$ cat input.cif   # mmCIF, C-alpha atoms
data_query
loop_
_atom_site.label_atom_id
_atom_site.label_comp_id
_atom_site.auth_asym_id
_atom_site.auth_seq_id
_atom_site.Cartn_x
_atom_site.Cartn_y
_atom_site.Cartn_z
CA MET A 186 -120.98 -139.74 62.26
CA ILE A 187 -119.58 -142.08 64.93
CA ALA A 188 -121.77 -140.61 67.64
CA GLU A 189 -124.80 -141.16 65.42
CA ALA A 190 -124.09 -144.86 64.81
CA ARG A 191 -126.88 -147.02 66.19
CA ILE A 192 -126.07 -149.44 68.97
CA GLU A 193 -127.03 -152.35 66.68
CA HIS A 194 -124.27 -151.35 64.25
CA ARG A 195 -121.52 -151.47 66.87
CA GLN A 196 -121.39 -155.28 67.24
CA HIS A 197 -120.93 -154.94 71.02
CA ASP A 198 -122.03 -158.53 71.61
CA HIS A 199 -118.82 -159.84 70.05
CA ARG A 200 -115.11 -159.51 70.66
CA THR A 201 -114.14 -159.72 66.97
CA ARG A 202 -115.95 -157.10 64.88
CA MET A 203 -115.80 -155.99 61.25
CA GLU A 204 -116.74 -152.78 59.46
CA TRP A 205 -115.84 -151.26 56.09
CA GLY A 206 -113.95 -148.17 55.04
CA LEU A 207 -113.00 -144.94 56.76
CA VAL A 208 -116.16 -144.50 58.83
CA GLY A 209 -115.98 -148.12 59.93
CA ALA A 210 -112.32 -147.68 60.88
CA GLU A 211 -113.09 -144.62 62.95
CA LEU A 212 -115.99 -146.36 64.68
CA LEU A 213 -113.95 -149.45 65.58
CA ALA A 214 -110.91 -147.39 66.60
CA ALA A 215 -113.07 -145.57 69.15
CA GLU A 216 -114.27 -148.80 70.76
CA CYS A 217 -111.68 -151.54 70.16
CA ALA A 218 -108.34 -152.29 71.79
CA VAL A 219 -106.90 -153.34 68.43
CA VAL A 220 -107.78 -152.39 64.86
CA ILE A 221 -106.52 -154.29 61.81
CA VAL A 222 -106.66 -152.51 58.44
CA ILE A 223 -106.72 -154.72 55.34
CA ASP A 224 -105.97 -153.41 51.86
CA VAL A 225 -104.84 -156.47 49.91
CA LEU A 226 -104.38 -154.68 46.56
CA SER A 227 -102.07 -153.15 47.44
CA PHE A 228 -101.14 -151.16 50.60
CA SER A 229 -101.20 -153.96 53.19
CA THR A 230 -99.36 -156.36 50.92
CA SER A 231 -96.70 -153.73 50.30
CA VAL A 232 -96.36 -153.09 54.02
CA ASP A 233 -95.93 -156.80 54.69
CA ILE A 234 -93.16 -157.11 52.10
CA ALA A 235 -91.39 -153.98 53.34
CA VAL A 236 -91.56 -154.97 57.01
CA GLY A 237 -90.52 -158.51 56.16
CA ARG A 238 -87.34 -157.03 54.68
CA GLY A 239 -86.58 -155.05 57.83
CA ALA A 240 -87.99 -151.73 56.62
CA ALA A 241 -90.61 -149.49 58.23
CA VAL A 242 -93.59 -147.78 56.57
CA LEU A 243 -95.09 -144.38 57.37
CA PRO A 244 -98.79 -144.60 56.38
CA GLN A 245 -99.89 -141.31 54.83
CA ARG A 246 -103.20 -139.85 53.77
CA HIS A 247 -103.39 -139.75 50.00
CA SER A 248 -105.19 -136.42 50.11
CA ASP A 249 -102.38 -134.64 51.95
CA PRO A 250 -101.02 -131.99 49.51
CA ASP A 251 -97.67 -131.96 51.36
CA VAL A 252 -97.26 -135.73 51.48
CA ILE A 253 -93.68 -135.68 50.18
CA ARG A 254 -92.61 -132.98 52.61
CA ALA A 255 -94.34 -134.81 55.47
CA ALA A 256 -92.47 -138.03 54.67
CA GLU A 257 -89.14 -136.24 54.55
CA ALA A 258 -89.88 -134.43 57.82
CA ALA A 259 -90.47 -137.80 59.45
CA GLY A 260 -87.16 -139.11 58.14
CA ALA A 261 -88.74 -141.30 55.49
CA VAL A 262 -88.06 -141.74 51.79
CA PRO A 263 -91.18 -140.69 49.84
CA ALA A 264 -92.64 -143.46 47.70
CA GLY A 265 -92.56 -142.84 43.98
CA ALA A 266 -95.17 -143.27 41.29
CA ARG A 267 -96.50 -146.77 40.68
CA GLU A 268 -95.11 -146.76 37.15
CA GLY A 269 -91.65 -145.64 38.27
CA ARG A 270 -88.58 -147.73 39.03
CA GLY A 271 -88.17 -146.95 42.72
CA PRO A 272 -90.13 -148.00 45.80
CA SER A 273 -93.85 -147.36 45.38
CA LEU A 274 -97.25 -148.71 46.32
CA ARG A 275 -96.50 -151.71 44.10
CA PRO A 276 -95.60 -154.76 46.21
CA ALA A 277 -93.21 -155.95 43.50
CA SER A 278 -91.24 -152.71 43.79
CA LEU A 279 -90.38 -153.51 47.42
CA THR A 280 -89.01 -157.04 47.12
CA THR A 281 -85.43 -155.70 47.08
CA LEU A 282 -85.95 -152.90 49.60
CA GLU A 283 -82.90 -152.32 51.78
CA PRO A 284 -83.24 -153.26 55.47
CA GLY A 285 -83.58 -150.19 57.64
CA THR A 286 -85.37 -148.16 54.97
CA ARG A 287 -88.09 -145.84 56.27
CA LEU A 288 -90.65 -145.42 53.50
CA GLY A 289 -93.44 -142.85 53.33
CA LEU A 290 -96.31 -144.66 51.61
CA PRO A 291 -99.59 -142.86 50.79
CA SER A 292 -102.66 -144.57 49.41
CA PRO A 293 -106.31 -143.53 49.11
CA ASN A 294 -107.54 -146.55 51.06
CA GLY A 295 -105.28 -148.58 53.34
CA ALA A 296 -102.78 -145.86 54.23
CA THR A 297 -105.50 -143.26 54.70
CA LEU A 298 -107.40 -145.58 57.06
CA CYS A 299 -104.21 -146.38 58.99
CA ALA A 300 -103.50 -142.67 59.40
CA ALA A 301 -107.02 -142.16 60.77
CA VAL A 302 -106.76 -145.04 63.26
CA ALA A 303 -103.31 -143.85 64.33
CA ALA A 304 -104.87 -140.70 65.74
CA GLY A 305 -106.58 -142.72 68.49
CA PRO A 306 -105.53 -145.07 71.28
CA ALA A 307 -106.18 -148.41 69.54
CA VAL A 308 -103.23 -150.61 68.64
CA LEU A 309 -102.99 -150.66 64.83
CA PHE A 310 -101.93 -153.55 62.62
CA ALA A 311 -101.82 -153.81 58.81
CA GLY A 312 -103.04 -157.21 57.65
CA SER A 313 -103.11 -159.09 54.37
CA LEU A 314 -103.46 -162.61 53.03
CA ARG A 315 -99.68 -163.00 53.19
CA ASN A 316 -99.51 -162.53 56.96
CA ALA A 317 -103.03 -163.41 58.08
CA SER A 318 -102.12 -165.92 60.79
CA ALA A 319 -99.24 -163.83 62.12
CA VAL A 320 -101.42 -160.73 62.39
CA ALA A 321 -104.27 -162.63 64.07
CA ALA A 322 -101.88 -164.01 66.70
CA ALA A 323 -100.26 -160.62 67.31
CA ALA A 324 -103.64 -158.91 67.56
CA LEU A 325 -104.84 -161.42 70.15
CA ASP A 326 -101.75 -160.81 72.21
CA ALA A 327 -101.95 -157.02 71.94
CA SER A 328 -105.67 -156.86 72.72
CA ALA A 329 -105.26 -158.18 76.28
CA GLY A 330 -108.76 -159.61 76.09
CA GLY A 331 -110.32 -156.48 74.61
CA PRO A 332 -112.31 -156.18 71.37
CA ILE A 333 -110.59 -156.46 68.00
CA GLY A 334 -111.83 -154.52 64.99
CA ILE A 335 -111.18 -155.67 61.42
CA VAL A 336 -111.48 -153.14 58.62
CA PRO A 337 -111.49 -154.19 54.95
CA ALA A 338 -110.50 -150.91 53.31
CA GLY A 339 -112.31 -151.30 50.01
CA GLU A 340 -111.70 -149.23 46.90
CA ARG A 341 -113.19 -146.01 45.50
CA TRP A 342 -115.61 -145.31 42.70
CA PRO A 343 -114.72 -142.32 40.48
CA ASP A 344 -116.99 -140.09 42.60
CA GLY A 345 -115.03 -141.00 45.75
CA THR A 346 -117.65 -143.26 47.34
CA LEU A 347 -116.70 -146.62 48.83
CA ARG A 348 -116.54 -149.63 46.51
CA PRO A 349 -116.43 -152.84 48.59
CA ALA A 350 -113.60 -155.00 47.27
CA ILE A 351 -113.71 -158.79 47.41
CA GLU A 352 -109.95 -159.09 48.00
CA ASP A 353 -110.24 -157.09 51.22
CA VAL A 354 -113.10 -159.13 52.63
CA LEU A 355 -111.07 -162.26 51.85
CA GLY A 356 -108.10 -160.82 53.74
CA ALA A 357 -110.42 -159.92 56.59
CA GLY A 358 -111.81 -163.45 56.63
CA ALA A 359 -108.35 -165.02 56.62
CA ILE A 360 -107.43 -162.97 59.70
CA ALA A 361 -110.80 -163.38 61.44
CA ALA A 362 -110.44 -167.16 61.09
CA GLY A 363 -107.78 -166.97 63.80
CA LEU A 364 -109.81 -164.77 66.16
CA PRO A 365 -112.50 -165.69 68.72
CA ASP A 366 -116.12 -164.69 69.25
CA ARG A 367 -116.76 -163.30 65.78
CA SER A 368 -119.70 -161.09 64.84
CA ILE A 369 -121.86 -162.30 61.96
CA GLU A 370 -120.09 -159.79 59.71
CA ALA A 371 -116.71 -161.28 60.58
CA GLU A 372 -118.06 -164.84 60.48
CA LEU A 373 -119.35 -164.44 56.94
CA ALA A 374 -116.01 -162.97 55.86
CA VAL A 375 -114.43 -166.20 57.09
CA ALA A 376 -116.94 -168.20 55.06
CA GLN A 377 -116.11 -166.22 51.91
CA PHE A 378 -112.41 -166.73 52.53
CA GLU A 379 -112.87 -170.50 52.88
CA VAL A 380 -114.77 -170.67 49.59
CA ALA A 381 -112.12 -168.58 47.82
CA ARG A 382 -109.31 -170.74 49.20
CA GLN A 383 -111.00 -173.83 47.78
CA ARG A 384 -111.12 -172.10 44.38
CA GLU A 385 -107.44 -170.99 44.63
CA LEU A 386 -106.83 -167.50 45.95
CA ALA A 387 -104.58 -166.56 43.04
CA ASP A 388 -107.38 -167.31 40.56
CA VAL A 389 -109.97 -165.46 42.63
CA LEU A 390 -107.85 -162.32 43.00
CA ALA A 391 -106.92 -162.37 39.32
CA GLY A 392 -110.59 -162.62 38.37
CA ALA A 393 -111.85 -159.96 40.77
CA SER A 394 -112.40 -156.40 39.57
CA SER A 395 -109.37 -154.92 41.35
CA GLY A 396 -107.12 -157.73 40.20
CA ARG A 397 -108.30 -157.44 36.63
CA GLU A 398 -107.61 -153.70 36.76
CA LEU A 399 -104.02 -154.21 37.94
CA ILE A 400 -103.38 -156.96 35.40
CA ALA A 401 -104.74 -154.77 32.60
CA ASP A 402 -102.31 -152.04 33.69
CA GLY A 403 -99.35 -154.42 33.60
CA TYR A 404 -99.08 -155.26 37.31
CA ALA A 405 -99.91 -158.97 37.36
CA ALA A 406 -96.90 -159.64 39.61
CA ASP A 407 -98.50 -157.55 42.34
CA VAL A 408 -101.67 -159.64 42.22
CA ARG A 409 -99.66 -162.85 42.49
CA LEU A 410 -97.75 -161.55 45.51
CA ALA A 411 -100.96 -160.44 47.20
CA ALA A 412 -102.57 -163.88 46.77
CA GLN A 413 -99.87 -165.76 48.70
CA LEU A 414 -101.48 -167.01 51.91
CA ASP A 415 -99.45 -167.09 55.13
CA THR A 416 -96.08 -166.82 53.44
CA SER A 417 -94.97 -164.18 55.94
CA ASP A 418 -94.59 -164.07 59.71
CA ALA A 419 -94.47 -160.25 59.80
CA ALA A 420 -97.17 -158.52 61.84
CA PRO A 421 -96.77 -154.83 60.99
CA ARG A 422 -97.75 -152.75 64.03
CA LEU A 423 -97.74 -148.99 64.34
CA ARG A 424 -94.95 -147.77 66.61
CA ASP A 425 -93.88 -144.13 66.78
CA GLY A 426 -95.80 -143.39 63.60
CA PHE A 427 -94.33 -146.25 61.54
CA LEU A 428 -95.61 -149.73 60.71
CA CYS A 429 -92.74 -152.06 61.54
#

$ encode --input "input.cif" --output "structure tokens"
Amino acid sequence: MIAEARIEHRQHDHRTRMEWGLVGAELLAAECAVVIVIDVLSFSTSVDIAVGRGAAVLPQRHSDPDVIRAAEAAGAVPAGAREGRGPSLRPASLTTLEPGTRLGLPSPNGATLCAAVAAGPAVLFAGSLRNASAVAAAALDASAGGPIGIVPAGERWPDGTLRPAIEDVLGAGAIAAGLPDRSIEAELAVAQFEVARQRELADVLAGASSGRELIADGYAADVRLAAQLDTSDAAPRLRDGFLC
């Protein structure tokens, strides 16, 4: 699929580039010095909270049938179910996480994309609204003048196909706002972010499809945490298999 991508789709004329989902992540990882994966509801927000508390996160593919065993083999505590009491994909479940914890965290979108990017040479960051400025600054430093790829993860329809998610393009725009020489894709993400910020990010996320879904399931606290802009100076970067 990557080899078949047309030259026009690769955004080679710009240093800051943006593409969606797994295929986009793989394309950018093959050509960029740095790749930033954004999954605002909820993987990237959870990673930010965990790393901000001095923990480290092992991103795992959701489809891995041995995900618990793989986490334990890496010396990580496997995340529990979202509805459980222990650490899970829920950002609110990680606000009291003990420093030094190593958490195995699978998700169908953000974690799966991070695991795919981790297989290549690009430096990987996990970005969110909470740490947008910190991640942009860290990515600039790590890129050493090379191209930077931004990947809004998106969600999934029931048949497994990509569902673009407004919260992820807003996170992408918040990060891209701090990066130079943006492609039109990245530039328009910035424009959407600026409009959403004027309307209050908390209201926008709560009214978006993914936010409404989480609120309906009883997880409004997670949406509120995800909507907090630049409240964190963590810039989770993959080192030795862990975001820390």

$ resolve_selection --input "input.cif" --expression "the PyMOL selection byres ((chain A and resi 392) around 12)" --output "JSON list (two decimals) with C-alpha atoms, in the coordinates of the input"
[["chain", "number", "residue", "atom", "x", "y", "z"],
["A", 351, "ILE", "CA", -113.71, -158.79, 47.41],
["A", 352, "GLU", "CA", -109.95, -159.09, 48.00],
["A", 381, "ALA", "CA", -112.12, -168.58, 47.82],
["A", 384, "ARG", "CA", -111.12, -172.10, 44.38],
["A", 385, "GLU", "CA", -107.44, -170.99, 44.63],
["A", 386, "LEU", "CA", -106.83, -167.50, 45.95],
["A", 387, "ALA", "CA", -104.58, -166.56, 43.04],
["A", 388, "ASP", "CA", -107.38, -167.31, 40.56],
["A", 389, "VAL", "CA", -109.97, -165.46, 42.63],
["A", 390, "LEU", "CA", -107.85, -162.32, 43.00],
["A", 391, "ALA", "CA", -106.92, -162.37, 39.32],
["A", 393, "ALA", "CA", -111.85, -159.96, 40.77],
["A", 394, "SER", "CA", -112.40, -156.40, 39.57],
["A", 395, "SER", "CA", -109.37, -154.92, 41.35],
["A", 396, "GLY", "CA", -107.12, -157.73, 40.20],
["A", 397, "ARG", "CA", -108.30, -157.44, 36.63],
["A", 398, "GLU", "CA", -107.61, -153.70, 36.76],
["A", 399, "LEU", "CA", -104.02, -154.21, 37.94],
["A", 400, "ILE", "CA", -103.38, -156.96, 35.40],
["A", 401, "ALA", "CA", -104.74, -154.77, 32.60],
["A", 405, "ALA", "CA", -99.91, -158.97, 37.36],
["A", 408, "VAL", "CA", -101.67, -159.64, 42.22],
["A", 409, "ARG", "CA", -99.66, -162.85, 42.49],
["A", 412, "ALA", "CA", -102.57, -163.88, 46.77]]

$ atom_distance --input "input.cif" --atom1 "CA of Ile234 in chain A" --atom2 "CA of Thr280 in chain A"
6.5 Å

$ resolve_selection --input "input.cif" --expression "the PyMOL selection byres ((chain A and resi 336-340) around 9)" --output "PyMOL selection string"
chain A and resi 202-207+209-210+213+220-225+293-295+298+334-335+341-342+345-357+395

$ residues_around --input "input.cif" --residues "Ala296 in chain A" --least-positions-apart "6" --cutoff "7 Å" --atoms "all atoms listed in the file" --output "CSV table (one decimal) with C-alpha atoms, keeping the file's coordinate frame"
chain,number,residue,atom,x,y,z
A,228,PHE,CA,-101.1,-151.2,50.6
A,244,PRO,CA,-98.8,-144.6,56.4
A,245,GLN,CA,-99.9,-141.3,54.8
A,246,ARG,CA,-103.2,-139.8,53.8

$ atom_distance --input "input.cif" --atom1 "CA of Gln377 in chain A" --atom2 "CA of Pro365 in chain A"
17.2 Å

$ residues_near_point --input "input.cif" --point "(-97.5, -156.7, 53.0)" --cutoff "9 Å" --atoms "only C-alpha atoms" --output "ChimeraX atom specification"
/A:225,227-237,276,311-316,410-411,417,419,421

$ resolve_selection --input "input.cif" --expression "the PyMOL selection byres ((chain A and resi 259-262) around 8)" --output "list in words"
Leu243, Ala255, Ala256, Glu257, Ala258, Pro263, Ala264, Thr286, Arg287, Leu288 and Gly289 of chain A

$ write_last_selection --input "input.cif" --atoms "C-alpha atoms" --output "compact mmCIF listing (two decimals), keeping the file's coordinate frame"
# COMPACT_ATOMS: atom_id res chain seq x y z
CA LEU A 243 -95.09 -144.38 57.37
CA ALA A 255 -94.34 -134.81 55.47
CA ALA A 256 -92.47 -138.03 54.67
CA GLU A 257 -89.14 -136.24 54.55
CA ALA A 258 -89.88 -134.43 57.82
CA PRO A 263 -91.18 -140.69 49.84
CA ALA A 264 -92.64 -143.46 47.70
CA THR A 286 -85.37 -148.16 54.97
CA ARG A 287 -88.09 -145.84 56.27
CA LEU A 288 -90.65 -145.42 53.50
CA GLY A 289 -93.44 -142.85 53.33

$ closest_residue --input "input.cif" --among "A:Pro272, A:Val242, A:Asp249, A:Ile360" --to "Val320 in chain A" --atoms "only C-alpha atoms"
A:Ile360

$ atom_distance --input "input.cif" --atom1 "CA of Val208 in chain A" --atom2 "CA of Ala190 in chain A"
9.9 Å

$ residues_around --input "input.cif" --residues "Glu216 in chain A" --least-positions-apart "3" --cutoff "9 Å" --atoms "all atoms listed in the file" --output "ChimeraX atom specification"
/A:195,211-213,219,307,332-334

$ residues_around --input "input.cif" --residues "Ile369 in chain A" --least-positions-apart "4" --cutoff "12 Å" --atoms "all atoms listed in the file" --output "list in words"
His194, Arg195, Gln196, His197, Asp198, His199, Arg200, Thr201, Arg202, Met203, Glu204, Gly358, Ala361, Leu373, Ala374, Val375 and Ala376 of chain A

$ build_atoms --input "input.cif" --residues "range 307-331 of chain A" --atoms "N, CA and C atoms" --output "CSV table (one decimal), in the coordinates of the input"
chain,number,residue,atom,x,y,z
A,307,ALA,N,-106.2,-147.0,69.9
A,307,ALA,CA,-106.2,-148.4,69.5
A,307,ALA,C,-104.8,-148.8,69.0
A,308,VAL,N,-104.4,-150.0,69.3
A,308,VAL,CA,-103.2,-150.6,68.6
A,308,VAL,C,-103.6,-150.9,67.2
A,309,LEU,N,-102.7,-150.5,66.3
A,309,LEU,CA,-103.0,-150.7,64.8
A,309,LEU,C,-102.1,-151.7,64.2
A,310,PHE,N,-102.7,-152.6,63.4
A,310,PHE,CA,-101.9,-153.6,62.6
A,310,PHE,C,-102.4,-153.4,61.2
A,311,ALA,N,-101.5,-153.7,60.2
A,311,ALA,CA,-101.8,-153.8,58.8
A,311,ALA,C,-101.8,-155.3,58.4
A,312,GLY,N,-102.9,-155.8,57.9
A,312,GLY,CA,-103.0,-157.2,57.6
A,312,GLY,C,-103.3,-157.5,56.2
A,313,SER,N,-102.9,-158.7,55.8
A,313,SER,CA,-103.1,-159.1,54.4
A,313,SER,C,-103.3,-160.6,54.3
A,314,LEU,N,-103.4,-161.2,53.2
A,314,LEU,CA,-103.5,-162.6,53.0
A,314,LEU,C,-102.1,-163.2,53.4
A,315,ARG,N,-101.0,-162.5,53.0
A,315,ARG,CA,-99.7,-163.0,53.2
A,315,ARG,C,-99.3,-163.2,54.7
A,316,ASN,N,-99.9,-162.4,55.5
A,316,ASN,CA,-99.5,-162.5,57.0
A,316,ASN,C,-100.7,-162.7,57.9
A,317,ALA,N,-101.8,-163.3,57.4
A,317,ALA,CA,-103.0,-163.4,58.1
A,317,ALA,C,-102.9,-164.1,59.4
A,318,SER,N,-102.2,-165.2,59.5
A,318,SER,CA,-102.1,-165.9,60.8
A,318,SER,C,-101.2,-165.2,61.8
A,319,ALA,N,-100.1,-164.6,61.3
A,319,ALA,CA,-99.2,-163.8,62.1
A,319,ALA,C,-99.9,-162.6,62.7
A,320,VAL,N,-100.7,-161.9,61.9
A,320,VAL,CA,-101.4,-160.7,62.4
A,320,VAL,C,-102.5,-161.1,63.4
A,321,ALA,N,-103.2,-162.2,63.1
A,321,ALA,CA,-104.3,-162.6,64.1
A,321,ALA,C,-103.7,-162.9,65.4
A,322,ALA,N,-102.5,-163.7,65.4
A,322,ALA,CA,-101.9,-164.0,66.7
A,322,ALA,C,-101.4,-162.8,67.4
A,323,ALA,N,-100.8,-161.8,66.7
A,323,ALA,CA,-100.3,-160.6,67.3
A,323,ALA,C,-101.4,-159.8,67.8
A,324,ALA,N,-102.5,-159.7,67.1
A,324,ALA,CA,-103.6,-158.9,67.6
A,324,ALA,C,-104.2,-159.5,68.8
A,325,LEU,N,-104.3,-160.8,68.9
A,325,LEU,CA,-104.8,-161.4,70.2
A,325,LEU,C,-104.0,-161.1,71.3
A,326,ASP,N,-102.7,-161.1,71.1
A,326,ASP,CA,-101.8,-160.8,72.2
A,326,ASP,C,-101.9,-159.4,72.6
A,327,ALA,N,-101.9,-158.5,71.6
A,327,ALA,CA,-102.0,-157.0,71.9
A,327,ALA,C,-103.3,-156.6,72.5
A,328,SER,N,-104.3,-157.3,72.3
A,328,SER,CA,-105.7,-156.9,72.7
A,328,SER,C,-105.9,-157.0,74.2
A,329,ALA,N,-105.1,-157.9,74.8
A,329,ALA,CA,-105.3,-158.2,76.3
A,329,ALA,C,-106.7,-158.5,76.7
A,330,GLY,N,-107.4,-159.2,75.8
A,330,GLY,CA,-108.8,-159.6,76.1
A,330,GLY,C,-109.8,-158.6,75.6
A,331,GLY,N,-109.4,-157.5,75.1
A,331,GLY,CA,-110.3,-156.5,74.6
A,331,GLY,C,-110.8,-156.8,73.2
